Structure formats: C-alpha cells, structure tokens
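Text of protein.cif (mmCIF, C-alpha atoms and all ligand atoms) as supplied:
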```cif
data_model
loop_
_atom_site.group_PDB
_atom_site.id
_atom_site.type_symbol
_atom_site.label_atom_id
_atom_site.label_comp_id
_atom_site.auth_asym_id
_atom_site.auth_seq_id
_atom_site.Cartn_x
_atom_site.Cartn_y
_atom_site.Cartn_z
ATOM 1 C CA MET A 1 -16.796 -36.039 30.853
ATOM 2 C CA LYS A 2 -13.034 -35.721 30.956
ATOM 3 C CA LEU A 3 -10.940 -37.778 33.379
ATOM 4 C CA PHE A 4 -7.781 -36.428 34.986
ATOM 5 C CA ILE A 5 -5.458 -38.284 37.344
ATOM 6 C CA ASP A 6 -4.527 -36.640 40.652
ATOM 7 C CA THR A 7 -0.894 -37.615 41.161
ATOM 8 C CA ALA A 8 2.728 -36.531 40.979
ATOM 9 C CA ASN A 9 3.850 -40.006 39.888
ATOM 10 C CA VAL A 10 4.811 -40.171 36.211
ATOM 11 C CA ASP A 11 4.503 -43.984 36.011
ATOM 12 C CA GLN A 12 0.887 -43.738 37.153
ATOM 13 C CA VAL A 13 0.198 -41.153 34.452
ATOM 14 C CA ALA A 14 1.836 -43.396 31.836
ATOM 15 C CA GLU A 15 -0.222 -46.409 32.946
ATOM 16 C CA ILE A 16 -3.631 -44.698 32.850
ATOM 17 C CA ALA A 17 -2.740 -42.866 29.623
ATOM 18 C CA SER A 18 -2.050 -46.280 28.056
ATOM 19 C CA TRP A 19 -5.715 -47.197 28.686
ATOM 20 C CA GLY A 20 -6.707 -44.390 26.308
ATOM 21 C CA VAL A 21 -8.958 -42.685 28.863
ATOM 22 C CA LEU A 22 -6.785 -39.925 30.307
ATOM 23 C CA ASP A 23 -7.345 -36.236 29.529
ATOM 24 C CA GLY A 24 -5.125 -34.512 32.077
ATOM 25 C CA VAL A 25 -3.220 -34.492 35.358
ATOM 26 C CA THR A 26 -3.580 -32.485 38.547
ATOM 27 C CA THR A 27 -0.674 -32.231 40.950
ATOM 28 C CA ASN A 28 -0.379 -30.366 44.229
ATOM 29 C CA PRO A 29 2.561 -29.581 46.550
ATOM 30 C CA SER A 30 1.683 -32.456 48.919
ATOM 31 C CA LEU A 31 1.650 -35.004 46.077
ATOM 32 C CA VAL A 32 4.940 -33.648 44.699
ATOM 33 C CA ALA A 33 6.539 -33.776 48.168
ATOM 34 C CA LYS A 34 5.366 -37.382 48.602
ATOM 35 C CA GLU A 35 7.107 -38.517 45.396
ATOM 36 C CA GLY A 36 10.264 -36.517 46.209
ATOM 37 C CA ASN A 37 11.223 -35.910 42.557
ATOM 38 C CA ASP A 38 12.189 -32.688 40.772
ATOM 39 C CA PHE A 39 8.998 -30.684 40.198
ATOM 40 C CA LYS A 40 9.821 -29.213 36.791
ATOM 41 C CA GLU A 41 11.093 -32.519 35.430
ATOM 42 C CA THR A 42 7.973 -34.318 36.692
ATOM 43 C CA VAL A 43 5.617 -31.785 35.110
ATOM 44 C CA MET A 44 7.486 -31.788 31.798
ATOM 45 C CA LYS A 45 7.412 -35.594 31.589
ATOM 46 C CA MET A 46 3.673 -35.630 32.312
ATOM 47 C CA CYS A 47 3.102 -33.058 29.563
ATOM 48 C CA GLU A 48 4.271 -35.680 27.063
ATOM 49 C CA TYR A 49 1.269 -37.859 27.923
ATOM 50 C CA VAL A 50 -1.628 -35.404 28.259
ATOM 51 C CA PRO A 51 -2.613 -31.921 27.056
ATOM 52 C CA CYS A 52 -3.306 -30.467 30.504
ATOM 53 C CA VAL A 53 -1.060 -30.734 33.587
ATOM 54 C CA SER A 54 -1.824 -28.557 36.610
ATOM 55 C CA ALA A 55 1.266 -27.216 38.409
ATOM 56 C CA GLN A 56 0.486 -25.332 41.613
ATOM 57 C CA VAL A 57 2.134 -22.048 42.605
ATOM 58 C CA THR A 58 3.522 -22.076 46.148
ATOM 59 C CA ALA A 59 3.837 -18.314 46.627
ATOM 60 C CA THR A 60 1.056 -16.527 48.485
ATOM 61 C CA GLU A 61 1.648 -12.899 47.410
ATOM 62 C CA PHE A 62 0.538 -11.643 44.007
ATOM 63 C CA GLU A 63 3.971 -10.474 42.805
ATOM 64 C CA GLU A 64 5.571 -13.860 43.541
ATOM 65 C CA MET A 65 2.567 -15.827 42.277
ATOM 66 C CA LYS A 66 2.799 -13.916 39.002
ATOM 67 C CA LYS A 67 6.472 -14.855 38.640
ATOM 68 C CA GLN A 68 5.740 -18.530 39.281
ATOM 69 C CA ALA A 69 2.836 -18.433 36.811
ATOM 70 C CA ASP A 70 5.141 -16.967 34.149
ATOM 71 C CA GLU A 71 7.816 -19.550 34.903
ATOM 72 C CA TYR A 72 5.596 -22.666 34.969
ATOM 73 C CA SER A 73 3.739 -21.653 31.821
ATOM 74 C CA SER A 74 7.072 -21.277 30.002
ATOM 75 C CA TRP A 75 7.971 -24.930 30.693
ATOM 76 C CA HIS A 76 5.504 -26.498 28.260
ATOM 77 C CA GLU A 77 2.351 -25.484 26.407
ATOM 78 C CA HIS A 78 0.424 -28.210 28.250
ATOM 79 C CA VAL A 79 1.022 -26.625 31.668
ATOM 80 C CA THR A 80 -1.977 -25.208 33.512
ATOM 81 C CA VAL A 81 -1.038 -22.946 36.412
ATOM 82 C CA LYS A 82 -2.850 -23.953 39.569
ATOM 83 C CA VAL A 83 -3.691 -21.034 41.833
ATOM 84 C CA PRO A 84 -5.199 -21.216 45.335
ATOM 85 C CA MET A 85 -8.534 -19.527 46.004
ATOM 86 C CA THR A 86 -7.395 -16.394 47.836
ATOM 87 C CA ILE A 87 -7.635 -12.684 47.043
ATOM 88 C CA GLU A 88 -4.011 -12.790 45.863
ATOM 89 C CA GLY A 89 -5.001 -15.830 43.830
ATOM 90 C CA LEU A 90 -7.834 -13.884 42.172
ATOM 91 C CA LYS A 91 -5.368 -11.164 41.173
ATOM 92 C CA THR A 92 -3.116 -13.863 39.730
ATOM 93 C CA LEU A 93 -6.007 -15.372 37.741
ATOM 94 C CA ASN A 94 -6.777 -11.962 36.290
ATOM 95 C CA TYR A 95 -3.096 -11.470 35.404
ATOM 96 C CA CYS A 96 -2.939 -14.924 33.761
ATOM 97 C CA ARG A 97 -6.075 -14.210 31.733
ATOM 98 C CA GLU A 98 -4.390 -11.089 30.331
ATOM 99 C CA LYS A 99 -1.240 -13.085 29.554
ATOM 100 C CA ASN A 100 -3.179 -16.013 28.049
ATOM 101 C CA ILE A 101 -1.878 -18.414 30.703
ATOM 102 C CA THR A 102 -4.246 -21.324 31.429
ATOM 103 C CA THR A 103 -5.316 -21.558 35.083
ATOM 104 C CA ASN A 104 -6.990 -23.923 37.519
ATOM 105 C CA THR A 105 -8.255 -22.523 40.830
ATOM 106 C CA THR A 106 -7.737 -24.943 43.669
ATOM 107 C CA LEU A 107 -9.216 -25.285 47.164
ATOM 108 C CA ILE A 108 -12.763 -24.292 46.170
ATOM 109 C CA PHE A 109 -15.222 -25.087 48.963
ATOM 110 C CA SER A 110 -18.196 -22.808 48.204
ATOM 111 C CA VAL A 111 -20.311 -21.578 45.308
ATOM 112 C CA ASN A 112 -19.238 -17.990 46.051
ATOM 113 C CA GLN A 113 -15.604 -18.964 45.589
ATOM 114 C CA ALA A 114 -16.478 -20.775 42.360
ATOM 115 C CA ILE A 115 -18.237 -17.705 40.941
ATOM 116 C CA LEU A 116 -15.384 -15.358 41.892
ATOM 117 C CA ALA A 117 -12.731 -17.621 40.367
ATOM 118 C CA ALA A 118 -14.728 -17.926 37.138
ATOM 119 C CA LYS A 119 -15.208 -14.160 36.947
ATOM 120 C CA ALA A 120 -11.477 -13.584 37.558
ATOM 121 C CA GLY A 121 -10.755 -15.709 34.484
ATOM 122 C CA ALA A 122 -10.019 -19.229 35.739
ATOM 123 C CA ASN A 123 -10.123 -21.790 32.930
ATOM 124 C CA TYR A 124 -10.824 -24.507 35.501
ATOM 125 C CA ILE A 125 -12.038 -24.549 39.090
ATOM 126 C CA SER A 126 -11.455 -27.429 41.494
ATOM 127 C CA PRO A 127 -14.086 -27.949 44.212
ATOM 128 C CA PHE A 128 -12.738 -30.447 46.779
ATOM 129 C CA ILE A 129 -15.590 -32.789 47.590
ATOM 130 C CA GLY A 130 -13.800 -35.442 49.654
ATOM 131 C CA ARG A 131 -12.494 -32.887 52.128
ATOM 132 C CA LEU A 132 -16.030 -31.509 52.550
ATOM 133 C CA ASP A 133 -17.297 -35.048 53.192
ATOM 134 C CA ASP A 134 -14.461 -35.502 55.715
ATOM 135 C CA ALA A 135 -15.652 -32.328 57.479
ATOM 136 C CA GLY A 136 -19.185 -33.732 57.800
ATOM 137 C CA GLN A 137 -20.653 -31.796 54.860
ATOM 138 C CA ASP A 138 -21.984 -33.121 51.557
ATOM 139 C CA GLY A 139 -19.326 -32.510 48.916
ATOM 140 C CA MET A 140 -21.550 -33.639 46.068
ATOM 141 C CA GLU A 141 -24.134 -31.025 47.046
ATOM 142 C CA LEU A 142 -21.533 -28.361 46.224
ATOM 143 C CA ILE A 143 -21.074 -29.829 42.734
ATOM 144 C CA LYS A 144 -24.856 -29.856 42.270
ATOM 145 C CA GLU A 145 -25.106 -26.188 43.262
ATOM 146 C CA ILE A 146 -22.164 -25.104 41.099
ATOM 147 C CA MET A 147 -23.570 -26.914 38.052
ATOM 148 C CA GLU A 148 -26.974 -25.322 38.677
ATOM 149 C CA VAL A 149 -25.367 -21.874 38.686
ATOM 150 C CA TRP A 150 -23.265 -22.719 35.624
ATOM 151 C CA SER A 151 -26.442 -23.697 33.730
ATOM 152 C CA ASN A 152 -27.809 -20.168 34.288
ATOM 153 C CA TYR A 153 -24.825 -18.377 32.726
ATOM 154 C CA ASP A 154 -22.256 -18.838 30.000
ATOM 155 C CA PHE A 155 -19.102 -19.252 32.089
ATOM 156 C CA ASP A 156 -16.333 -20.851 30.008
ATOM 157 C CA THR A 157 -14.741 -22.150 33.210
ATOM 158 C CA GLU A 158 -14.737 -25.948 33.433
ATOM 159 C CA VAL A 159 -15.495 -27.648 36.733
ATOM 160 C CA ILE A 160 -12.961 -30.256 37.914
ATOM 161 C CA VAL A 161 -14.420 -32.379 40.695
ATOM 162 C CA ALA A 162 -11.394 -32.850 42.978
ATOM 163 C CA SER A 163 -10.586 -34.710 46.167
ATOM 164 C CA THR A 164 -12.537 -37.720 44.892
ATOM 165 C CA ARG A 165 -12.333 -40.782 47.113
ATOM 166 C CA HIS A 166 -14.273 -43.590 45.396
ATOM 167 C CA PRO A 167 -15.826 -44.581 42.031
ATOM 168 C CA ARG A 168 -19.305 -43.438 43.083
ATOM 169 C CA HIS A 169 -18.018 -39.844 43.318
ATOM 170 C CA ILE A 170 -17.254 -40.014 39.596
ATOM 171 C CA VAL A 171 -20.691 -41.421 38.663
ATOM 172 C CA GLU A 172 -22.478 -38.750 40.710
ATOM 173 C CA SER A 173 -20.292 -36.002 39.186
ATOM 174 C CA ALA A 174 -21.116 -37.215 35.676
ATOM 175 C CA LYS A 175 -24.851 -37.282 36.488
ATOM 176 C CA LYS A 176 -24.607 -33.664 37.613
ATOM 177 C CA GLY A 177 -22.846 -32.666 34.399
ATOM 178 C CA ALA A 178 -19.436 -31.780 35.865
ATOM 179 C CA HIS A 179 -16.925 -31.313 33.053
ATOM 180 C CA ILE A 180 -14.016 -33.214 34.618
ATOM 181 C CA CYS A 181 -13.186 -35.498 37.545
ATOM 182 C CA THR A 182 -9.661 -35.768 38.863
ATOM 183 C CA VAL A 183 -9.129 -39.187 40.342
ATOM 184 C CA PRO A 184 -6.342 -40.762 42.433
ATOM 185 C CA TYR A 185 -4.583 -43.778 40.886
ATOM 186 C CA GLY A 186 -6.020 -46.183 43.471
ATOM 187 C CA VAL A 187 -9.570 -45.154 42.542
ATOM 188 C CA PHE A 188 -8.839 -45.274 38.797
ATOM 189 C CA THR A 189 -7.733 -48.898 39.035
ATOM 190 C CA LYS A 190 -11.080 -49.823 40.612
ATOM 191 C CA PHE A 191 -13.059 -48.593 37.563
ATOM 192 C CA PRO A 192 -12.547 -51.465 35.131
ATOM 193 C CA SER A 193 -13.523 -54.267 37.551
ATOM 194 C CA HIS A 194 -16.899 -55.843 38.149
ATOM 195 C CA THR A 195 -17.370 -59.243 39.805
ATOM 196 C CA LEU A 196 -19.749 -60.342 37.043
ATOM 197 C CA THR A 197 -17.181 -59.378 34.375
ATOM 198 C CA THR A 198 -14.535 -61.492 36.140
ATOM 199 C CA MET A 199 -16.916 -64.429 36.628
ATOM 200 C CA GLY A 200 -18.207 -64.140 33.060
ATOM 201 C CA LEU A 201 -14.717 -64.147 31.584
ATOM 202 C CA ASP A 202 -13.680 -67.139 33.719
ATOM 203 C CA ARG A 203 -16.685 -69.053 32.400
ATOM 204 C CA PHE A 204 -15.954 -68.122 28.752
ATOM 205 C CA LEU A 205 -12.324 -69.197 29.086
ATOM 206 C CA LYS A 206 -13.200 -72.482 30.835
ATOM 207 C CA ASP A 207 -15.832 -73.348 28.215
ATOM 208 C CA TRP A 208 -13.356 -72.535 25.461
ATOM 209 C CA GLU A 209 -10.683 -74.696 27.102
ATOM 210 C CA ASN A 210 -13.154 -77.621 27.316
ATOM 211 C CA VAL A 211 -14.002 -77.328 23.614
ATOM 212 C CA GLN A 212 -10.279 -77.441 22.730
ATOM 213 C CA LYS A 213 -9.855 -80.625 24.820
ATOM 214 C CA ALA A 214 -12.892 -82.386 23.284
HETATM 215 C C1 LIG B 1 -6.898 -31.557 43.158
HETATM 216 O O1 LIG B 1 -6.440 -30.841 42.294
HETATM 217 C C2 LIG B 1 -6.200 -31.905 44.399
HETATM 218 O O2 LIG B 1 -4.863 -32.180 44.089
HETATM 219 C C3 LIG B 1 -6.749 -33.126 45.080
HETATM 220 O O3 LIG B 1 -7.879 -33.636 44.433
HETATM 221 C C4 LIG B 1 -6.794 -33.082 46.556
HETATM 222 O O4 LIG B 1 -7.313 -34.289 47.023
HETATM 223 P P1 LIG B 1 -7.211 -34.751 48.552
HETATM 224 O O5 LIG B 1 -8.285 -34.057 49.315
HETATM 225 O O6 LIG B 1 -7.429 -36.225 48.487
HETATM 226 O O7 LIG B 1 -5.838 -34.384 49.022
#
```
When written as structure tokens, how does the structure in this file appear?
Ligand code: E4P
Amino acid sequence: MKLFIDTANVDQVAEIASWGVLDGVTTNPSLVAKEGNDFKETVMKMCEYVPCVSAQVTATEFEEMKKQADEYSSWHEHVTVKVPMTIEGLKTLNYCREKNITTNTTLIFSVNQAILAAKAGANYISPFIGRLDDAGQDGMELIKEIMEVWSNYDFDTEVIVASTRHPRHIVESAKKGAHICTVPYGVFTKFPSHTLTTMGLDRFLKDWENVQKA
C-alpha cells in the first residue's frame, strides 16, 4: 500500500519523506489557504520530494477547469490534477485522459461516484471516509464496497482513502486492499510509536549503561 501525506506544508512533506515511507502528497484549497503560501511554489517544491502531488482545480465550469488542468500539469511532471466529483469534473477527467494528464477525483462519497470517475478516466479516486464517519455513516464500509467492485473489473484507477483521522483507518484500508491512504501529518507521527517499543528501548539502554559502569 502506498502512503501519501495530506498537507500543504512543505516541511511536513520533507520530514515524512526523510523516513523513506512517502509515495505522494494530496493538497486541497482549504489546506493551501491554511498555510497561506504561494500555491504553485508549494506544489513545485513538493514535487522535488515525491512522484505524485495532487493540485486541486478551483474552477467549477468545464472550460475553466480544463485551463487549470493544462496549467497545473505544465508546472511539473509529478503534478496530478485534482478534480471534484461533479458532471463538469467528469468532463474534465475525460479531457485530461485524452491529453495524458494524470488526475485524482476528489469528494467521492458513494460507489456510483467512484464508478463514474473511473470510467471517465480518473487515475485516482479519493473517497472521504472521515467526513462520512462525521456524518454518522460508516466511511470504511464505502472502501469495502469500492474494493469489492474493483475486484470484479479491471479498472486501472487507484483508490486513495482520504479524510483519514486515526491510525486504525490506515490498517483497515490496508486490510481491504485499498491502493493508497492519504494521511494528515499528525496521524503519520503516531505510526512509529508503541508503548512496548518505548519501554523495551529504555530497558535495553539502561542495561547497556549498567554494563558500561560495571
Ligand atoms: C484528500 O485528498 C483531502 O485533501 C482530505 O483527505 C480531506 O480530509 P478532511 O476531511 O480531513 O478535510
């Protein structure tokens, strides 16, 4: 399973990339607004660390979305154009497929949307599980259903489990065979820790110190 980081903060990308576990980045307009930095510059810097950086179009009409897709994809070969799941978005996916522009469809909340995006040529789809959980539904159930459907056909579209909120989301996604999880920095930093690892290391170091003193 590939791991992406969901952020618009370049330092966070650099840190997780230095662990040797990072395969890509997803950004969205809210994350970019939160950091307050230049969008193009941010995306281009991130492209130096990973082979896949999602940059989301902000237009809502096909003609404008097309222009943004052309522009973003010209910035760097690692850019993936992120397109919202709308009818105009489907047209944009189809356009990008013809132009060989890599795409990620965002704001997927149903299996029907997932199928349509895949058929329109999305290279990636991003079902948002945390937001479904927040709305009182079971986000992981959507991943289960999508992966069931994917196992029946030969869609090339990879499934990015998005809107993840805690480490268990990543374990459950991996068990269901999702291709990718995109994870916020705060969740990423929880992965390496386990109380028994910390206690075990403390013991090893203390025992070693005692031997040196003897
Ligand atoms: C994914 O591409 C999105 O940027 C992201 O996962 C949204 O997560 P949120 O629901 O925590 O905002």
**Asked** So what does the PyMOL selection byres (((chain A and resi 35-47) around 12) and not hetatm) actually pick up in this one, as a count of residues only?
**Response** 50
To test the calculation: enclose all listed atoms of ligand LIG 1 (chain B) in a box whose edges run along x, y and z, add 8 Å on each side, then state centre and edge lengths in Å to one decimal, as JSON.
```
{"center_x": -6.6, "center_y": -33.5, "center_z": 45.8, "size_x": 19.4, "size_y": 21.4, "size_z": 23.0}
```
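Note that atom CA of Arg165 of chain A and atom CA of Asn112 of chain A are 23.8 Å apart.
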**Request:** Name every residue that the PyMOL selection byres (((chain A and resi 141) around 12) and not hetatm) selects in this structure, writing the answer as a ChimeraX atom specification with chains first and numbers rising.
**Result:** /A:109-111,127-130,132-133,137-140,142-148,161,169,172-173,176
**Prompt:** If we count all atoms listed in the file, what is near Asn123 of chain A at a cut-off of 10 Å, once residues fewer than 5 positions away on the same chain are taken out, given as a PyMOL selection string?
**Reply:** chain A and resi 80-81+93+96-97+101-105+117-118+155-159
**Item:** Within 12 Å of Glu98 of chain A using only C-alpha atoms, minus same-chain residues under 5 positions, as a count of residues only
**Value:** 9
**Message:** Ranking A:Trp208, A:Tyr124, A:Leu3, A:Phe62 by minimum distance to Trp19 of chain A and counting only C-alpha atoms, which one comes first?
**Reply:** A:Leu3
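Taking atom CA of Glu63 of chain A and atom CA of Tyr95 of chain A as the two end points, the separation is 10.3 Å.
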**Item:** Residue nearest Thr182 of chain A among A:Thr195, A:Ser151, A:Ser126, A:Asn100 (counting only C-alpha atoms)
**Value:** A:Ser126
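Of the residues under consideration (A:Asn210, A:Ser193, A:Thr198, A:Thr164), A:Thr164 shows the shortest atom-to-atom contact distance to ligand LIG 1 (chain B) when counting only C-alpha atoms and all ligand atoms.
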**Prompt:** Can you tell me, as a PyMOL selection string, what residues are no more than 6 Å from Thr106 of chain A when counting all atoms listed in the file, ignoring any on the same chain fewer than 2 positions away?
**Reply:** chain A and resi 83-85+108+126
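For the set A:Asn94, A:Thr60, A:Tyr185, A:Ile115, the residue with the smallest atom-to-atom gap to ligand LIG 1 (chain B) is A:Tyr185, counting all atoms listed in the file.
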